[in-house]
$ cat data.csv   # CSV, C-alpha atoms and all ligand atoms
chain,number,residue,atom,x,y,z
A,21,MET,CA,-17.4,6.1,-9.0
A,22,ASN,CA,-14.2,4.5,-10.1
A,23,ASN,CA,-13.1,4.1,-6.5
A,24,THR,CA,-16.4,2.3,-5.5
A,25,LYS,CA,-16.0,-0.1,-8.4
A,26,SER,CA,-12.4,-1.1,-7.5
A,27,ILE,CA,-13.4,-1.6,-3.8
A,28,VAL,CA,-16.3,-4.0,-4.9
A,29,VAL,CA,-13.9,-5.9,-7.3
A,30,ALA,CA,-11.2,-6.1,-4.6
A,31,SER,CA,-13.6,-7.4,-1.9
A,32,LEU,CA,-15.0,-10.0,-4.3
A,33,MET,CA,-11.5,-11.3,-5.0
A,34,ILE,CA,-10.6,-11.4,-1.4
A,35,GLY,CA,-13.9,-13.3,-0.7
A,36,LEU,CA,-13.3,-15.8,-3.4
A,37,GLY,CA,-9.7,-16.3,-2.3
A,38,LEU,CA,-10.8,-17.0,1.3
A,39,ALA,CA,-13.6,-19.4,0.2
A,40,SER,CA,-11.1,-21.4,-1.9
A,41,CYS,CA,-8.9,-21.8,1.2
A,42,ASN,CA,-11.6,-23.6,3.1
A,43,SER,CA,-9.8,-23.4,6.4
A,44,GLY,CA,-7.0,-25.5,5.1
A,45,SER,CA,-8.1,-29.0,6.3
A,46,THR,CA,-9.8,-31.9,4.4
A,47,ARG,CA,-13.4,-31.2,3.7
A,48,ARG,CA,-15.6,-33.8,5.2
A,49,ASN,CA,-19.0,-32.4,4.8
A,50,PRO,CA,-20.5,-33.9,1.6
A,51,GLY,CA,-22.7,-30.8,1.1
A,52,LYS,CA,-26.4,-31.0,0.3
A,53,ILE,CA,-28.0,-34.4,-0.1
A,54,TYR,CA,-30.8,-34.5,-2.6
A,55,ALA,CA,-31.7,-38.2,-2.3
A,56,PRO,CA,-30.8,-39.4,1.1
A,57,ASP,CA,-32.1,-42.9,0.5
A,58,MET,CA,-29.5,-43.2,-2.3
A,59,THR,CA,-26.7,-41.7,-0.3
A,60,TYR,CA,-27.3,-43.7,2.8
A,61,SER,CA,-28.3,-47.4,2.1
A,62,ARG,CA,-31.4,-48.5,4.0
A,63,ALA,CA,-30.3,-52.1,3.6
A,64,TYR,CA,-27.7,-53.6,5.9
A,65,ASP,CA,-24.4,-54.0,4.2
A,66,ALA,CA,-22.9,-57.5,3.9
A,67,TYR,CA,-20.7,-58.5,6.9
A,68,THR,CA,-22.2,-55.7,9.2
A,69,ALA,CA,-23.8,-56.3,12.5
A,70,ASN,CA,-27.6,-56.9,12.4
A,71,PRO,CA,-29.9,-56.7,15.4
A,72,ASN,CA,-32.7,-58.6,13.4
A,73,PHE,CA,-31.1,-62.0,13.6
A,74,ALA,CA,-30.2,-64.1,16.6
A,75,ASP,CA,-26.6,-64.4,15.6
A,76,GLY,CA,-26.3,-60.7,14.9
A,77,GLN,CA,-24.9,-61.2,11.4
A,78,THR,CA,-26.3,-59.6,8.2
A,79,SER,CA,-24.8,-62.3,5.9
A,80,ARG,CA,-27.1,-65.3,6.1
A,81,LYS,CA,-26.3,-69.0,5.4
A,82,PRO,CA,-28.4,-70.8,2.8
A,83,ILE,CA,-31.5,-72.4,4.3
A,84,SER,CA,-30.7,-76.0,5.1
A,85,GLY,CA,-31.5,-78.3,2.2
A,86,THR,CA,-30.8,-75.5,-0.3
A,87,VAL,CA,-29.5,-77.0,-3.6
A,88,ALA,CA,-27.2,-74.9,-5.8
A,89,VAL,CA,-28.1,-74.4,-9.5
A,90,GLY,CA,-26.5,-77.2,-11.4
A,91,HIS,CA,-26.5,-79.5,-8.4
A,92,GLU,CA,-30.2,-80.5,-8.5
A,93,LEU,CA,-29.5,-84.1,-9.4
A,94,PRO,CA,-29.3,-86.9,-6.8
A,95,ASP,CA,-25.9,-86.8,-5.2
A,96,HIS,CA,-26.4,-87.7,-1.6
A,97,MET,CA,-23.4,-90.0,-0.7
A,98,VAL,CA,-20.4,-88.8,1.3
A,99,GLU,CA,-16.7,-89.3,1.0
A,100,GLY,CA,-15.6,-92.7,2.0
A,101,ASP,CA,-18.8,-94.5,1.0
A,102,THR,CA,-16.6,-96.6,-1.3
A,103,ASN,CA,-19.0,-99.6,-1.5
A,104,ALA,CA,-22.0,-97.4,-2.1
A,105,TYR,CA,-20.2,-95.5,-4.8
A,106,LYS,CA,-19.4,-98.8,-6.6
A,107,SER,CA,-23.0,-99.3,-7.4
A,108,PHE,CA,-23.8,-95.6,-7.8
A,109,THR,CA,-24.8,-94.6,-11.2
A,110,THR,CA,-27.1,-92.2,-13.1
A,111,ASP,CA,-30.1,-92.3,-15.3
A,112,MET,CA,-28.6,-89.6,-17.5
A,113,ARG,CA,-28.0,-90.5,-21.1
A,114,PHE,CA,-25.9,-88.5,-23.4
A,115,ASN,CA,-26.1,-87.7,-27.1
A,116,GLU,CA,-23.2,-87.2,-29.4
A,117,ALA,CA,-22.9,-83.4,-28.7
A,118,GLU,CA,-22.8,-84.1,-24.9
A,119,LEU,CA,-20.2,-86.8,-25.3
A,120,ALA,CA,-18.2,-84.3,-27.4
A,121,GLU,CA,-18.6,-81.9,-24.5
A,122,GLY,CA,-17.5,-84.6,-22.1
A,123,LYS,CA,-14.4,-85.1,-24.2
A,124,ARG,CA,-13.7,-81.3,-24.2
A,125,LEU,CA,-14.0,-81.2,-20.4
A,126,PHE,CA,-11.8,-84.2,-20.0
A,127,ASN,CA,-9.1,-82.7,-22.1
A,128,ILE,CA,-9.3,-79.5,-20.2
A,129,TYR,CA,-9.4,-80.9,-16.6
A,130,CYS,CA,-8.1,-84.4,-16.8
A,131,GLY,CA,-5.9,-84.7,-19.9
A,132,ILE,CA,-3.1,-82.7,-18.3
A,133,CYS,CA,-2.5,-85.8,-16.1
A,134,HIS,CA,-4.4,-88.7,-17.6
A,135,GLY,CA,-3.5,-87.8,-21.2
A,136,THR,CA,-5.8,-87.1,-24.0
A,137,ASN,CA,-5.4,-90.8,-24.9
A,138,LEU,CA,-6.4,-91.8,-21.3
A,139,ASP,CA,-3.2,-93.6,-20.9
A,140,GLY,CA,-1.9,-91.8,-17.8
A,141,GLN,CA,0.8,-90.1,-19.8
A,142,GLY,CA,-0.5,-86.5,-19.8
A,143,PRO,CA,2.0,-83.7,-20.2
A,144,LEU,CA,2.2,-82.9,-16.5
A,145,TYR,CA,3.2,-86.4,-15.6
A,146,ALA,CA,5.4,-86.9,-18.7
A,147,SER,CA,7.3,-83.7,-17.8
A,148,GLY,CA,8.3,-85.3,-14.5
A,149,LYS,CA,6.8,-82.5,-12.5
A,150,PHE,CA,4.1,-84.6,-11.1
A,151,ALA,CA,5.4,-87.6,-9.2
A,152,ALA,CA,2.5,-90.0,-9.0
A,153,MET,CA,1.5,-91.8,-12.1
A,154,PRO,CA,-2.2,-90.9,-13.0
A,155,ALA,CA,-4.4,-93.9,-13.6
A,156,ASN,CA,-4.0,-95.3,-17.0
A,157,LEU,CA,-7.7,-95.5,-17.8
A,158,ASN,CA,-7.0,-97.9,-20.7
A,159,ASP,CA,-5.4,-100.4,-18.3
A,160,ALA,CA,-7.3,-103.6,-17.4
A,161,LYS,CA,-7.4,-102.3,-13.8
A,162,TYR,CA,-9.6,-99.4,-14.8
A,163,LEU,CA,-11.5,-100.7,-17.9
A,164,HIS,CA,-14.2,-102.2,-15.8
A,165,MET,CA,-14.1,-99.6,-13.0
A,166,SER,CA,-17.7,-98.7,-12.0
A,167,ALA,CA,-18.9,-95.3,-13.1
A,168,GLY,CA,-19.8,-94.5,-9.5
A,169,THR,CA,-16.2,-95.1,-8.4
A,170,MET,CA,-15.0,-92.7,-11.1
A,171,TYR,CA,-17.6,-90.3,-9.9
A,172,ALA,CA,-16.2,-90.4,-6.3
A,173,ALA,CA,-12.7,-89.8,-7.7
A,174,ILE,CA,-13.9,-86.7,-9.5
A,175,LYS,CA,-15.9,-85.4,-6.6
A,176,TYR,CA,-13.5,-86.1,-3.7
A,177,GLY,CA,-10.2,-86.7,-5.5
A,178,LYS,CA,-8.1,-89.8,-5.0
A,179,ASN,CA,-4.8,-89.7,-3.1
A,180,THR,CA,-2.6,-87.3,-5.1
A,181,MET,CA,-5.4,-86.4,-7.5
A,182,GLY,CA,-7.4,-83.4,-6.2
A,183,SER,CA,-11.2,-83.0,-6.3
A,184,TYR,CA,-12.8,-81.6,-9.4
A,185,ALA,CA,-16.1,-80.9,-7.7
A,186,SER,CA,-15.8,-77.1,-8.0
A,187,GLN,CA,-14.8,-77.2,-11.7
A,188,LEU,CA,-17.5,-79.7,-12.9
A,189,ASP,CA,-21.1,-79.6,-11.9
A,190,ILE,CA,-23.0,-82.9,-11.6
A,191,LYS,CA,-24.0,-83.2,-15.2
A,192,GLN,CA,-20.6,-82.3,-16.4
A,193,ARG,CA,-19.0,-85.0,-14.1
A,194,TRP,CA,-21.3,-87.6,-15.7
A,195,MET,CA,-20.5,-86.3,-19.2
A,196,VAL,CA,-16.8,-86.7,-18.5
A,197,ILE,CA,-17.4,-90.3,-17.2
A,198,ALA,CA,-19.6,-91.1,-20.1
A,199,TYR,CA,-16.8,-90.0,-22.4
A,200,ILE,CA,-14.3,-92.2,-20.5
A,201,LYS,CA,-16.7,-95.1,-20.6
A,202,LYS,CA,-17.2,-94.7,-24.3
A,203,VAL,CA,-13.5,-94.7,-25.0
A,204,GLN,CA,-13.1,-97.7,-22.7
A,205,SER,CA,-15.9,-99.6,-24.4
A,206,GLU,CA,-13.9,-99.2,-27.7
A,207,ASN,CA,-10.8,-100.6,-26.0
A,208,GLY,CA,-12.2,-103.8,-24.4
A,209,GLY,CA,-14.2,-102.2,-21.6
A,210,ASP,CA,-17.9,-102.8,-20.8
A,211,ALA,CA,-20.5,-102.1,-23.4
A,212,PHE,CA,-21.3,-98.4,-23.5
A,213,ALA,CA,-24.4,-97.7,-21.4
A,214,PHE,CA,-24.7,-93.9,-21.3
A,215,GLY,CA,-25.8,-93.3,-24.9
A,216,ALA,CA,-28.9,-91.3,-25.4
A,217,THR,CA,-32.0,-93.0,-26.7
A,218,GLY,CA,-34.2,-91.5,-29.4
A,219,THR,CA,-31.4,-89.8,-31.3
A,220,ALA,CA,-31.2,-89.6,-35.1
A,221,THR,CA,-29.6,-93.1,-35.4
A,222,PRO,CA,-32.2,-95.6,-34.3
A,223,ALA,CA,-30.2,-98.9,-34.8
A,224,PRO,CA,-27.3,-98.3,-32.4
A,225,VAL,CA,-29.7,-96.8,-29.9
A,226,ALA,CA,-31.6,-100.1,-29.6
A,227,ASP,CA,-28.2,-101.8,-28.9
A,228,THR,CA,-27.3,-99.1,-26.3
A,229,ALA,CA,-30.6,-99.5,-24.5
A,230,VAL,CA,-30.0,-103.2,-24.2
A,231,ALA,CA,-26.5,-102.5,-23.0
A,232,ALA,CA,-27.9,-100.0,-20.5
A,233,THR,CA,-30.2,-102.7,-19.0
A,234,THR,CA,-27.3,-105.2,-18.6
A,235,GLU,CA,-25.1,-102.6,-17.0
A,236,THR,CA,-27.7,-101.6,-14.5
A,237,ALA,CA,-28.4,-105.2,-13.7
A,238,LYS,CA,-24.8,-105.8,-12.9
A,239,HIS,CA,-24.7,-103.3,-10.1
A,301,LIG,C1,-3.0,-83.5,-11.2
A,301,LIG,C2,-3.2,-84.8,-11.9
A,301,LIG,C3,-4.5,-85.3,-12.1
A,301,LIG,C4,-5.6,-84.7,-12.7
A,301,LIG,C5,-5.7,-83.3,-13.3
A,301,LIG,C6,-6.7,-85.7,-12.7
A,301,LIG,N1,-6.3,-86.9,-12.1
A,301,LIG,FE1,-7.3,-88.6,-12.0
A,301,LIG,N2,-5.8,-89.4,-11.0
A,301,LIG,C7,-4.5,-88.9,-10.8
A,301,LIG,C8,-3.7,-89.8,-10.1
A,301,LIG,C9,-2.3,-89.6,-9.7
A,301,LIG,C10,-4.5,-90.9,-9.8
A,301,LIG,C11,-4.1,-92.2,-9.1
A,301,LIG,C12,-4.5,-92.1,-7.7
A,301,LIG,C13,-4.2,-93.3,-6.9
A,301,LIG,O1,-4.8,-94.4,-7.2
A,301,LIG,O2,-3.4,-93.2,-6.0
A,301,LIG,C14,-5.8,-90.7,-10.4
A,301,LIG,C15,-6.8,-91.6,-10.4
A,301,LIG,C16,-8.0,-91.4,-11.1
A,301,LIG,C17,-9.1,-92.4,-11.2
A,301,LIG,C18,-9.1,-93.8,-10.6
A,301,LIG,C19,-9.7,-93.6,-9.2
A,301,LIG,C20,-9.6,-94.8,-8.3
A,301,LIG,O3,-10.5,-95.0,-7.5
A,301,LIG,O4,-8.6,-95.6,-8.4
A,301,LIG,C21,-10.0,-91.9,-12.0
A,301,LIG,C22,-11.3,-92.6,-12.5
A,301,LIG,C23,-9.6,-90.5,-12.4
A,301,LIG,N3,-8.4,-90.3,-11.8
A,301,LIG,C24,-10.3,-89.7,-13.2
A,301,LIG,C25,-10.0,-88.4,-13.4
A,301,LIG,C26,-10.9,-87.4,-14.0
A,301,LIG,C27,-12.2,-87.7,-14.6
A,301,LIG,C28,-10.2,-86.2,-14.0
A,301,LIG,C29,-10.7,-84.9,-14.5
A,301,LIG,C30,-11.9,-84.4,-14.0
A,301,LIG,C31,-8.9,-86.4,-13.4
A,301,LIG,N4,-8.8,-87.7,-13.0
A,301,LIG,C32,-8.0,-85.5,-13.2
A,301,LIG,C33,-4.1,-87.6,-11.2
A,301,LIG,C34,-5.0,-86.7,-11.8
$ encode --input "data.csv" --output "structure tokens"
Amino acid sequence: MNNTKSIVVASLMIGLGLASCNSGSTRRNPGKIYAPDMTYSRAYDAYTANPNFADGQTSRKPISGTVAVGHELPDHMVEGDTNAYKSFTTDMRFNEAELAEGKRLFNIYCGICHGTNLDGQGPLYASGKFAAMPANLNDAKYLHMSAGTMYAAIKYGKNTMGSYASQLDIKQRWMVIAYIKKVQSENGGDAFAFGATGTATPAPVADTAVAATTETAKH
């Protein structure tokens, strides 16, 4: 009896020992698959070949005319349309909170060069690390610059200034411009034309609306 027991125990141990060796090489077989549709994707993976499309690519381009979220507003002109951009403007009007947001965005993206006072003396230029002087937006040269020209500068960049199109969506670009125009209007620039109508302060709104008409007429 004792002998049989030890033979059984010994063979079990040998069996287990052999099983753990698993023939010494890397185990490639994943074993049983309980949910094959989860193990093997039925969808084509991105960047793989795909017989369903003429170009054989799984990754598709957006359908032509697709407009990205945040870019729904009219913005149809192209780089170099300098004259068209001069008269380009927007119907958007901004309330105090949006102007404050425009200021915040300006200070983040533009202030480093143009300075939070808009004087072109931002820390990057003042440090001497950026050779070209950023536009002094308080200077007479820029006080009456059309909003559309500013828009083109943000969208495409201007000489040594890079494009900010990927950082600011269309509304944000106009909010930044509205903020610049507001500051300029307080420093001898054109009357501010981007203020919201129908806000809590009726009197200035009436003024702004008049200013807006004049401004549009000028373009
Ligand atoms: C890296 C520095 C830098 C940053 C950041 C920068 N600018 Fe400029 N910007 C310049 C320089 C330099 C010029 C002068 C370009 C020239 O006239 O050669 C300029 C010119 C301009 C002009 C005048 C365009 C024209 O047609 O003459 C405007 C408007 C302007 N910037 C707005 C902005 C706004 C708005 C932002 C933020 C979204 C911004 N800039 C961010 C460096 C910068």
$ closest_atom_pairs --input "data.csv" --of "chain A" --to "ligand LIG 301 (chain A)" --cutoff "6 Å" --atoms "all atoms listed in the file" --output "tab-separated table"
residue	atom	partner	partner_atom	distance
A:Phe126	CA	A:LIG301	C29	5.7
A:Tyr129	CA	A:LIG301	C29	4.7
A:Cys130	CA	A:LIG301	C29	3.5
A:Ile132	CA	A:LIG301	C5	5.7
A:Cys133	CA	A:LIG301	C2	4.4
A:Ala152	CA	A:LIG301	C9	4.9
A:Met153	CA	A:LIG301	C9	5.0
A:Pro154	CA	A:LIG301	C8	3.4
A:Ala155	CA	A:LIG301	C15	4.6
A:Thr169	CA	A:LIG301	O3	5.8
A:Met170	CA	A:LIG301	C22	4.0
A:Ala173	CA	A:LIG301	C19	5.1
A:Ile174	CA	A:LIG301	C30	5.4
A:Lys178	CA	A:LIG301	C12	5.1
A:Asn179	CA	A:LIG301	O2	4.8
A:Thr180	CA	A:LIG301	C9	5.2
A:Met181	CA	A:LIG301	C33	4.1
A:Tyr184	CA	A:LIG301	C30	5.5
$ atom_distance --input "data.csv" --atom1 "atom CA of Ser166 of chain A" --atom2 "atom CA of Ala211 of chain A"
12.2 Å
$ atom_distance --input "data.csv" --atom1 "atom CA of Asn72 of chain A" --atom2 "atom CA of Thr59 of chain A"
22.6 Å
$ atom_distance --input "data.csv" --atom1 "atom CA of Gly135 of chain A" --atom2 "atom CA of Asn158 of chain A"
10.7 Å
$ closest_residue --input "data.csv" --among "A:Gly100, A:Gly142, A:Gly209, A:Gly215" --to "Ala172 of chain A" --atoms "all atoms listed in the file"
A:Gly100
$ closest_residue --input "data.csv" --among "A:Leu144, A:Ile34, A:Ala185, A:Leu138" --to "Asn207 of chain A" --atoms "all atoms listed in the file"
A:Leu138
$ residues_around --input "data.csv" --residues "Arg124 of chain A" --least-positions-apart "5" --cutoff "10 Å" --atoms "all atoms listed in the file" --output "list of chain:residue names"
A:Glu118, A:Leu119, A:Tyr129, A:Cys130, A:Gly131, A:Thr136, A:Met195, A:Val196, A:Tyr199
$ closest_residue --input "data.csv" --among "A:Asn103, A:Thr110, A:Asn156, A:Gln187" --to "Ile128 of chain A" --atoms "all atoms listed in the file"
A:Gln187
$ closest_residue --input "data.csv" --among "A:Asp159, A:Asp111, A:Gln141, A:Phe212" --to "Trp194 of chain A" --atoms "only C-alpha atoms"
A:Asp111
$ closest_residue --input "data.csv" --among "A:Glu206, A:Pro143, A:Ser186, A:Tyr171" --to "Thr102 of chain A" --atoms "all atoms listed in the file"
A:Tyr171
$ closest_residue --input "data.csv" --among "A:His164, A:Lys106, A:His96, A:Lys191" --to "Gln204 of chain A" --atoms "all atoms listed in the file"
A:His164
$ decode --input "data.csv" --residues "segment 68-174 of chain A" --atoms "C-alpha atoms" --output "compact mmCIF listing (two decimals), in the first residue's frame"
# COMPACT_ATOMS: atom_id res chain seq x y z
CA THR A 68 -4.00 48.74 -42.16
CA ALA A 69 -4.73 47.73 -45.74
CA ASN A 70 -8.40 47.64 -46.63
CA PRO A 71 -9.88 46.01 -49.75
CA ASN A 72 -13.17 47.94 -49.38
CA PHE A 73 -11.82 51.26 -50.56
CA ALA A 74 -10.37 52.16 -53.92
CA ASP A 75 -7.15 53.49 -52.36
CA GLY A 76 -6.79 50.41 -50.15
CA GLN A 77 -6.46 52.47 -46.95
CA THR A 78 -8.49 51.94 -43.79
CA SER A 79 -7.92 55.48 -42.49
CA ARG A 80 -10.25 57.81 -44.36
CA LYS A 81 -9.88 61.51 -45.04
CA PRO A 82 -12.73 63.80 -43.94
CA ILE A 83 -15.42 64.17 -46.59
CA SER A 84 -14.66 67.27 -48.60
CA GLY A 85 -16.41 70.29 -47.12
CA THR A 86 -16.20 68.86 -43.60
CA VAL A 87 -15.95 71.64 -41.03
CA ALA A 88 -14.22 70.91 -37.73
CA VAL A 89 -16.00 71.72 -34.48
CA GLY A 90 -15.15 75.31 -33.50
CA HIS A 91 -14.53 76.27 -37.13
CA GLU A 92 -18.15 76.56 -38.28
CA LEU A 93 -18.02 80.31 -38.76
CA PRO A 94 -17.29 81.91 -42.12
CA ASP A 95 -13.59 81.84 -42.82
CA HIS A 96 -13.16 81.23 -46.47
CA MET A 97 -10.25 83.41 -47.54
CA VAL A 98 -6.76 82.13 -48.17
CA GLU A 99 -3.28 83.27 -47.33
CA GLY A 100 -2.18 86.26 -49.38
CA ASP A 101 -5.70 87.69 -49.84
CA THR A 102 -4.31 90.84 -48.23
CA ASN A 103 -6.84 93.23 -49.72
CA ALA A 104 -9.77 90.95 -49.02
CA TYR A 105 -8.62 90.59 -45.42
CA LYS A 106 -8.52 94.37 -45.00
CA SER A 107 -12.28 94.51 -45.25
CA PHE A 108 -12.89 91.11 -43.63
CA THR A 109 -14.75 91.38 -40.37
CA THR A 110 -17.21 89.51 -38.20
CA ASP A 111 -20.75 89.89 -36.96
CA MET A 112 -19.69 88.47 -33.62
CA ARG A 113 -20.08 90.79 -30.66
CA PHE A 114 -18.57 90.14 -27.27
CA ASN A 115 -19.72 90.76 -23.74
CA GLU A 116 -17.47 91.65 -20.83
CA ALA A 117 -16.76 88.03 -19.94
CA GLU A 118 -15.72 87.25 -23.52
CA LEU A 119 -13.51 90.32 -23.68
CA ALA A 120 -11.91 89.16 -20.44
CA GLU A 121 -11.37 85.77 -22.08
CA GLY A 122 -9.85 87.56 -25.11
CA LYS A 123 -7.46 89.31 -22.76
CA ARG A 124 -6.58 86.02 -21.05
CA LEU A 125 -5.86 84.38 -24.41
CA PHE A 126 -3.86 87.39 -25.58
CA ASN A 127 -1.73 87.27 -22.46
CA ILE A 128 -1.09 83.56 -22.94
CA TYR A 129 -0.37 83.46 -26.67
CA CYS A 130 0.60 86.98 -27.70
CA GLY A 131 1.82 88.76 -24.56
CA ILE A 132 5.12 86.88 -24.57
CA CYS A 133 6.07 88.95 -27.64
CA HIS A 134 3.62 91.83 -27.92
CA GLY A 135 3.64 92.52 -24.17
CA THR A 136 0.64 92.54 -21.89
CA ASN A 137 0.53 96.31 -22.49
CA LEU A 138 0.45 95.66 -26.27
CA ASP A 139 3.59 97.76 -26.63
CA GLY A 140 5.71 95.15 -28.38
CA GLN A 141 7.95 94.78 -25.34
CA GLY A 142 6.95 91.31 -24.20
CA PRO A 143 9.44 89.32 -22.11
CA LEU A 144 10.66 87.22 -25.05
CA TYR A 145 11.61 90.28 -27.09
CA ALA A 146 12.85 92.26 -24.07
CA SER A 147 15.16 89.36 -23.13
CA GLY A 148 16.91 89.79 -26.47
CA LYS A 149 16.19 86.17 -27.44
CA PHE A 150 13.78 87.13 -30.21
CA ALA A 151 15.39 89.36 -32.78
CA ALA A 152 12.44 90.93 -34.59
CA MET A 153 10.49 93.57 -32.72
CA PRO A 154 6.86 92.49 -32.38
CA ALA A 155 4.30 95.02 -33.57
CA ASN A 156 3.67 97.74 -30.99
CA LEU A 157 -0.09 97.59 -31.16
CA ASN A 158 -0.35 100.97 -29.41
CA ASP A 159 1.63 102.62 -32.19
CA ALA A 160 -0.20 104.83 -34.70
CA LYS A 161 0.79 102.35 -37.41
CA TYR A 162 -1.41 99.67 -35.81
CA LEU A 163 -4.09 101.71 -34.00
CA HIS A 164 -6.29 101.77 -37.09
CA MET A 165 -5.25 98.42 -38.52
CA SER A 166 -8.33 96.61 -39.76
CA ALA A 167 -9.54 93.71 -37.67
CA GLY A 168 -9.38 91.50 -40.77
CA THR A 169 -5.67 92.22 -41.24
CA MET A 170 -5.13 91.24 -37.62
CA TYR A 171 -7.14 88.12 -38.24
CA ALA A 172 -4.86 87.19 -41.15
CA ALA A 173 -1.81 87.71 -38.92
CA ILE A 174 -3.23 85.32 -36.31
